[in-house]
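Down below is the structure, laid out as C-alpha cells.
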Amino acid sequence: MRTVINQGILVDPKNRIFSKLNIAIENGKISNISKYELIGDKVIDAAGLIIAPGFIDLHMHEDDYDPEKDTFKLDIFNCMLRMGVTTAIGGNCGIGPDEPDVYLDAVDRLGVPVNVGLLVPHGSLRKKVGETDRYKKIGLDNIKKMRALTEKYLATGCGGISFGIRYIPGITEEELELICGAAHKEQKLVAAHIRDDAQNVIPAAVEFIEAGIKMEVPLQLSHIGSMGAFGQMGELLTLMDEYYLKGTDIAADCYPYNAFSTKLGATTYDEGFTKRYPGGYSNIEIAQGQYKGQRLTEDLFRKLRKEEPELLTVAHVMKEKEVDLAMSHPNVIIASDGLLNCSQGHPRASGTFPRFINEYVKDKKLLNLYQALEKITYLPAQRIGIDKGSLDLGCDADLVIFDYEEIRDKATFAEPTLPPEGIRYVFLKGEIAVKDNKIINNNLGKSVRI
Ligand SMILES: [Zn+2]
C-alpha cells in the first residue's frame, strides 16, 4: 500500500526543507519526497496545508498502567495525539511508573495512542527501595540499590533519568551524583525539576548543573517557565548560556502558559509558598473535584491539603513576558508537562503545541513557523536521542498535517481536555490516527527504546 500526500508545504527543519513538495509513504516509512505529484493507492490532497514531522513531547506525564488488569487508563495520551504529538516522553519530574520496563513492554503488547518513551523516574526508585519519607536523606546502601535499578531500566531502553528534587527535598549531593552517573556511559539525558523556584531558582539550577558536570552527563532543566518566570528568567537563561559556552551539554524546556500545575499535597505548597508566589492563596485555583474553579483561601488550603493531597491545582503566578523570553530562546524546547487526573488539570495537556504555533508564531510573532517547528520536532528528538522528528527517507512516517490559519488550542482551565482545531491528519507509521481533529485509531503507538 502506497499513500501519497500531494501539494502540501513540507516543513522539516532537520533537513532544512520549507517548500511545496509531495511525499510518499510505503510500509510505514517515508519512501519518497518529490517536487512532482506522486501516484499511490491512496492519495491525500494537502494543498494549502503544512506537513511536518509529528510533534515530539519531551516532557509529559504518561497515563497509568494497571498491571493486574493489563490495561492503560487512556486519558492524556489521547489528548497528546489530538494535538499532533506522535511521540511522548514520560517519567518526568521524578514521577512515573514503578517499573518502567514492565510499562514499556505493556505499551508494545497493547498499543497506545502515541509512541511512548520513558525516563527513569527517580521517585519510583526511592519507593522501590522502601524509602517513602521525601524529606529523608537516605543511606549509601539504598542509593547503591537505586543506582543498580537505574542501570537496569536504562539497559531496557529508558532514554535517561529524571529527578523531582523539588518533590523530594531529602535528595543529597551524593544521591544526585550517584544516580546521575548511571547515564554517563551512553550519554543519556538527565532532566530535573530543580530544588527551588522564583527567588531561589539560581542556586537550585547551579546545584543540578554542577552535579551533572561532575558526572559528565547531558542535562535538561525542566519546565523553566514555572521555575524562573517570576522575574528571574533573564538571569536563568544567561546562567544556562554561560554553562553552554563553557562546554556543558545543557538545554531546557518550557510550556506556553503563565500558570503551573501541581498536586495540593506536593512540597511546592510547603511553608513559605505564599511569599514566593505573587498573590498568595488567591492566585491558586483548584483544578478538580467539588471545589473545581475556586481560588484558595487559607482555610480551604489547610482543609484540602490534609483531606485531599492528590487534588490538582493550577497556580496563576508567572509573568507572561518572562515565559515569552524562555519560549523564544534557541536552547529551549517546547514541551507540555501535561498532567491530568481523571481528565482534569491544566489545559497544557491538550493545548500546548497548537497554542505554541497560534500564539507565538501567528499572534506574537516571536518565532517564525520554521523555528517553531524545529522546537517541537527535530530539537526534542535530538535531545532525547531518537531517530524521529524529521522527514528523512526511510524514517517512520509519523506526520502531522495542519491548517496554519486554523490551528489553535481550545482547551481552557475550565475545560482542560477540549481538542484543538486545525489538525487535519496525524499519521503514525504511515497509518491515519487523527482526521479532522478526531481520533480514528488510538492503538498505533509503540514503545520507543533509546
Ligand atoms: Zn515538574
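Numbering starts fresh at 1 for the residues of each chain in the C-alpha cells, the chains themselves are lettered A, B, ... in the order given, and ligands are numbered from 1 as they appear.
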
Contact residues around Cys342 of chain A with only C-alpha atoms at 10 Å, ignoring same-chain residues under 6 positions, as a list in words |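 What passes the distance filter is Lys73, Leu74, Asp75, Ile76, Gln288 and Gly289 of chain A.
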
Save the residues we just selected, N, CA and C atoms, as a CSV table (one decimal), in the first residue's frame?
chain,number,residue,atom,x,y,z
A,73,LYS,N,-5.0,3.4,31.4
A,73,LYS,CA,-6.1,4.3,31.6
A,73,LYS,C,-5.9,5.4,30.6
A,74,LEU,N,-6.4,5.3,29.4
A,74,LEU,CA,-6.1,6.3,28.4
A,74,LEU,C,-6.8,7.6,28.6
A,75,ASP,N,-6.0,8.6,28.7
A,75,ASP,CA,-6.6,9.9,29.0
A,75,ASP,C,-5.7,11.0,28.3
A,76,ILE,N,-4.5,11.1,28.9
A,76,ILE,CA,-3.6,12.1,28.4
A,76,ILE,C,-3.0,11.7,27.0
A,288,GLN,N,-9.9,20.4,40.2
A,288,GLN,CA,-10.8,19.2,40.0
A,288,GLN,C,-11.6,19.1,41.3
A,289,GLY,N,-12.6,18.2,41.2
A,289,GLY,CA,-13.4,17.9,42.4
A,289,GLY,C,-14.5,18.9,42.7

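Once only C-alpha atoms and all ligand atoms are used for the distance check, the residues close to ligand 1 at 10 Å turn out to be His59, Met60, His61, Asn92, Cys93, Gly94, Ile95, Ser162, Phe163, Gly164, Ile165, Arg166, Tyr167, Ala191, Ala192, His193, Ile194, Leu221, Ser222, His223, Ile224, Ser226, Met227, Phe260, Ser261, Thr262, Asp337, Gly338 and Leu339 of chain A.
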
Extract, using only C-alpha atoms, all DNA, RNA and protein residues at most 7 Å from segment 113-116 of chain A, discarding same-chain residues fewer than 3 positions from it, and format them as a PDB file with N, CA and C atoms, in the first residue's frame.
ATOM      1  N   PHE A  77      -2.785  10.451  26.809  1.00  0.00           N
ATOM      2  CA  PHE A  77      -2.226  10.051  25.507  1.00  0.00           C
ATOM      3  C   PHE A  77      -3.182  10.432  24.368  1.00  0.00           C
ATOM      4  N   ASN A  78      -4.482  10.320  24.622  1.00  0.00           N
ATOM      5  CA  ASN A  78      -5.439  10.761  23.591  1.00  0.00           C
ATOM      6  C   ASN A  78      -5.317  12.263  23.344  1.00  0.00           C
ATOM      7  N   LEU A  81      -2.255  12.920  21.204  1.00  0.00           N
ATOM      8  CA  LEU A  81      -2.449  12.575  19.794  1.00  0.00           C
ATOM      9  C   LEU A  81      -3.269  13.648  19.078  1.00  0.00           C
ATOM     10  N   THR A  86       3.197  12.679  18.132  1.00  0.00           N
ATOM     11  CA  THR A  86       3.304  11.271  17.744  1.00  0.00           C
ATOM     12  C   THR A  86       4.231  10.493  18.683  1.00  0.00           C
ATOM     13  N   THR A  87       5.106  11.204  19.384  1.00  0.00           N
ATOM     14  CA  THR A  87       5.973  10.549  20.373  1.00  0.00           C
ATOM     15  C   THR A  87       6.021  11.392  21.643  1.00  0.00           C
ATOM     16  N   ALA A  88       5.742  10.736  22.772  1.00  0.00           N
ATOM     17  CA  ALA A  88       5.714  11.445  24.055  1.00  0.00           C
ATOM     18  C   ALA A  88       6.681  10.770  25.017  1.00  0.00           C
ATOM     19  N   ILE A  89       7.416  11.600  25.756  1.00  0.00           N
ATOM     20  CA  ILE A  89       8.374  11.057  26.729  1.00  0.00           C
ATOM     21  C   ILE A  89       7.843  11.291  28.139  1.00  0.00           C
ATOM     22  N   ASN A 442      -6.566   4.892  17.950  1.00  0.00           N
ATOM     23  CA  ASN A 442      -5.685   5.278  19.068  1.00  0.00           C
ATOM     24  C   ASN A 442      -4.880   4.082  19.584  1.00  0.00           C
ATOM     25  N   ASN A 443      -4.522   3.222  18.662  1.00  0.00           N
ATOM     26  CA  ASN A 443      -3.844   1.998  19.061  1.00  0.00           C
ATOM     27  C   ASN A 443      -2.540   1.769  18.278  1.00  0.00           C
ATOM     28  N   LEU A 444      -2.024   2.844  17.699  1.00  0.00           N
ATOM     29  CA  LEU A 444      -0.870   2.671  16.797  1.00  0.00           C
ATOM     30  C   LEU A 444       0.480   2.906  17.494  1.00  0.00           C
ATOM     31  N   GLY A 445       0.449   3.464  18.707  1.00  0.00           N
ATOM     32  CA  GLY A 445       1.696   3.839  19.371  1.00  0.00           C
ATOM     33  C   GLY A 445       2.414   2.653  19.995  1.00  0.00           C
ATOM     34  N   LYS A 446       3.726   2.641  19.860  1.00  0.00           N
ATOM     35  CA  LYS A 446       4.562   1.592  20.453  1.00  0.00           C
ATOM     36  C   LYS A 446       5.629   2.237  21.335  1.00  0.00           C
ATOM     37  N   SER A 447       6.374   1.405  22.024  1.00  0.00           N
ATOM     38  CA  SER A 447       7.422   1.962  22.882  1.00  0.00           C
ATOM     39  C   SER A 447       8.581   2.466  22.032  1.00  0.00           C
ATOM     40  N   VAL A 448       9.231   3.489  22.530  1.00  0.00           N
ATOM     41  CA  VAL A 448      10.439   3.988  21.877  1.00  0.00           C
ATOM     42  C   VAL A 448      11.595   3.654  22.807  1.00  0.00           C
TER      43      VAL A 448
END

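For Gly48 of chain A, the set of protein, DNA and RNA residues having any atom at most 9 Å away, when counting only C-alpha atoms and skipping those fewer than 5 positions along the same chain, is Gln7, Gly8, Ile9, Asp403 and Tyr404 of chain A.
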
Residues at most 6 Å from Pro53 of chain A, counting only C-alpha atoms, excluding those fewer than 6 positions away in the same chain, as a ChimeraX atom specification?
-> /A:389-390,399

How would the residues just chosen look if you wrote them out with C-alpha atoms as a short mmCIF file (atom, residue, chain, number, x, y, z; two decimals), in the first residue's frame?
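File written: again.cif
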data_model
loop_
_atom_site.label_atom_id
_atom_site.label_comp_id
_atom_site.auth_asym_id
_atom_site.auth_seq_id
_atom_site.Cartn_x
_atom_site.Cartn_y
_atom_site.Cartn_z
CA GLY A 389 11.33 14.33 14.33
CA SER A 390 12.30 14.56 10.66
CA LEU A 399 3.46 13.11 10.46
#

Contacts of Glu174 of chain A within 9 Å, only C-alpha atoms, excl. fewer than 5 positions in-chain, as a PyMOL selection string | chain A and resi 140+143+179

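Across A:Ile357, A:Val4, A:Val120, A:Leu379, the tightest approach to Ile423 of chain A is made by A:Ile357 when counting only C-alpha atoms.
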
Within segment 151-354 of chain A, find each residue whose DSSP state, derived from the backbone, is alpha helix (DSSP H), and express the selection as number ranges by chain.
-> A: 151-155, 173-180, 201-215, 224-228, 233-245, 273-276, 298-307, 320-327, 348-354

Any idea what's packed within 8 Å of Ile23 of chain A, counting only C-alpha atoms, ignoring anything in its chain fewer than 6 positions away? Could you give it as a VMD selection string?
-> chain A and resid 4 to 6 30 to 34 38

Restricting it to C-alpha atoms, dump the selection as a short mmCIF file (atom, residue, chain, number, x, y, z; two decimals), in the first residue's frame.
data_model
loop_
_atom_site.label_atom_id
_atom_site.label_comp_id
_atom_site.auth_asym_id
_atom_site.auth_seq_id
_atom_site.Cartn_x
_atom_site.Cartn_y
_atom_site.Cartn_z
CA VAL A 4 0.89 9.82 -1.20
CA ILE A 5 0.29 13.30 0.09
CA ASN A 6 0.43 15.87 -2.66
CA ILE A 30 8.72 7.77 4.16
CA SER A 31 9.68 6.39 0.75
CA ASN A 32 9.88 9.45 -1.49
CA ILE A 33 9.84 13.23 -1.45
CA SER A 34 9.45 14.89 -4.79
CA LEU A 38 3.12 11.36 -6.87
#

Atomic distance atom CA of Thr132 of chain A - atom CA of Gly265 of chain A, expressed in Å with one decimal |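 Interatomic distance here is 14.4 Å.
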
Closest to Ala52 of chain A among A:Lys410, A:Lys303, A:Lys275, A:Lys388, using only C-alpha atoms?
-> A:Lys388
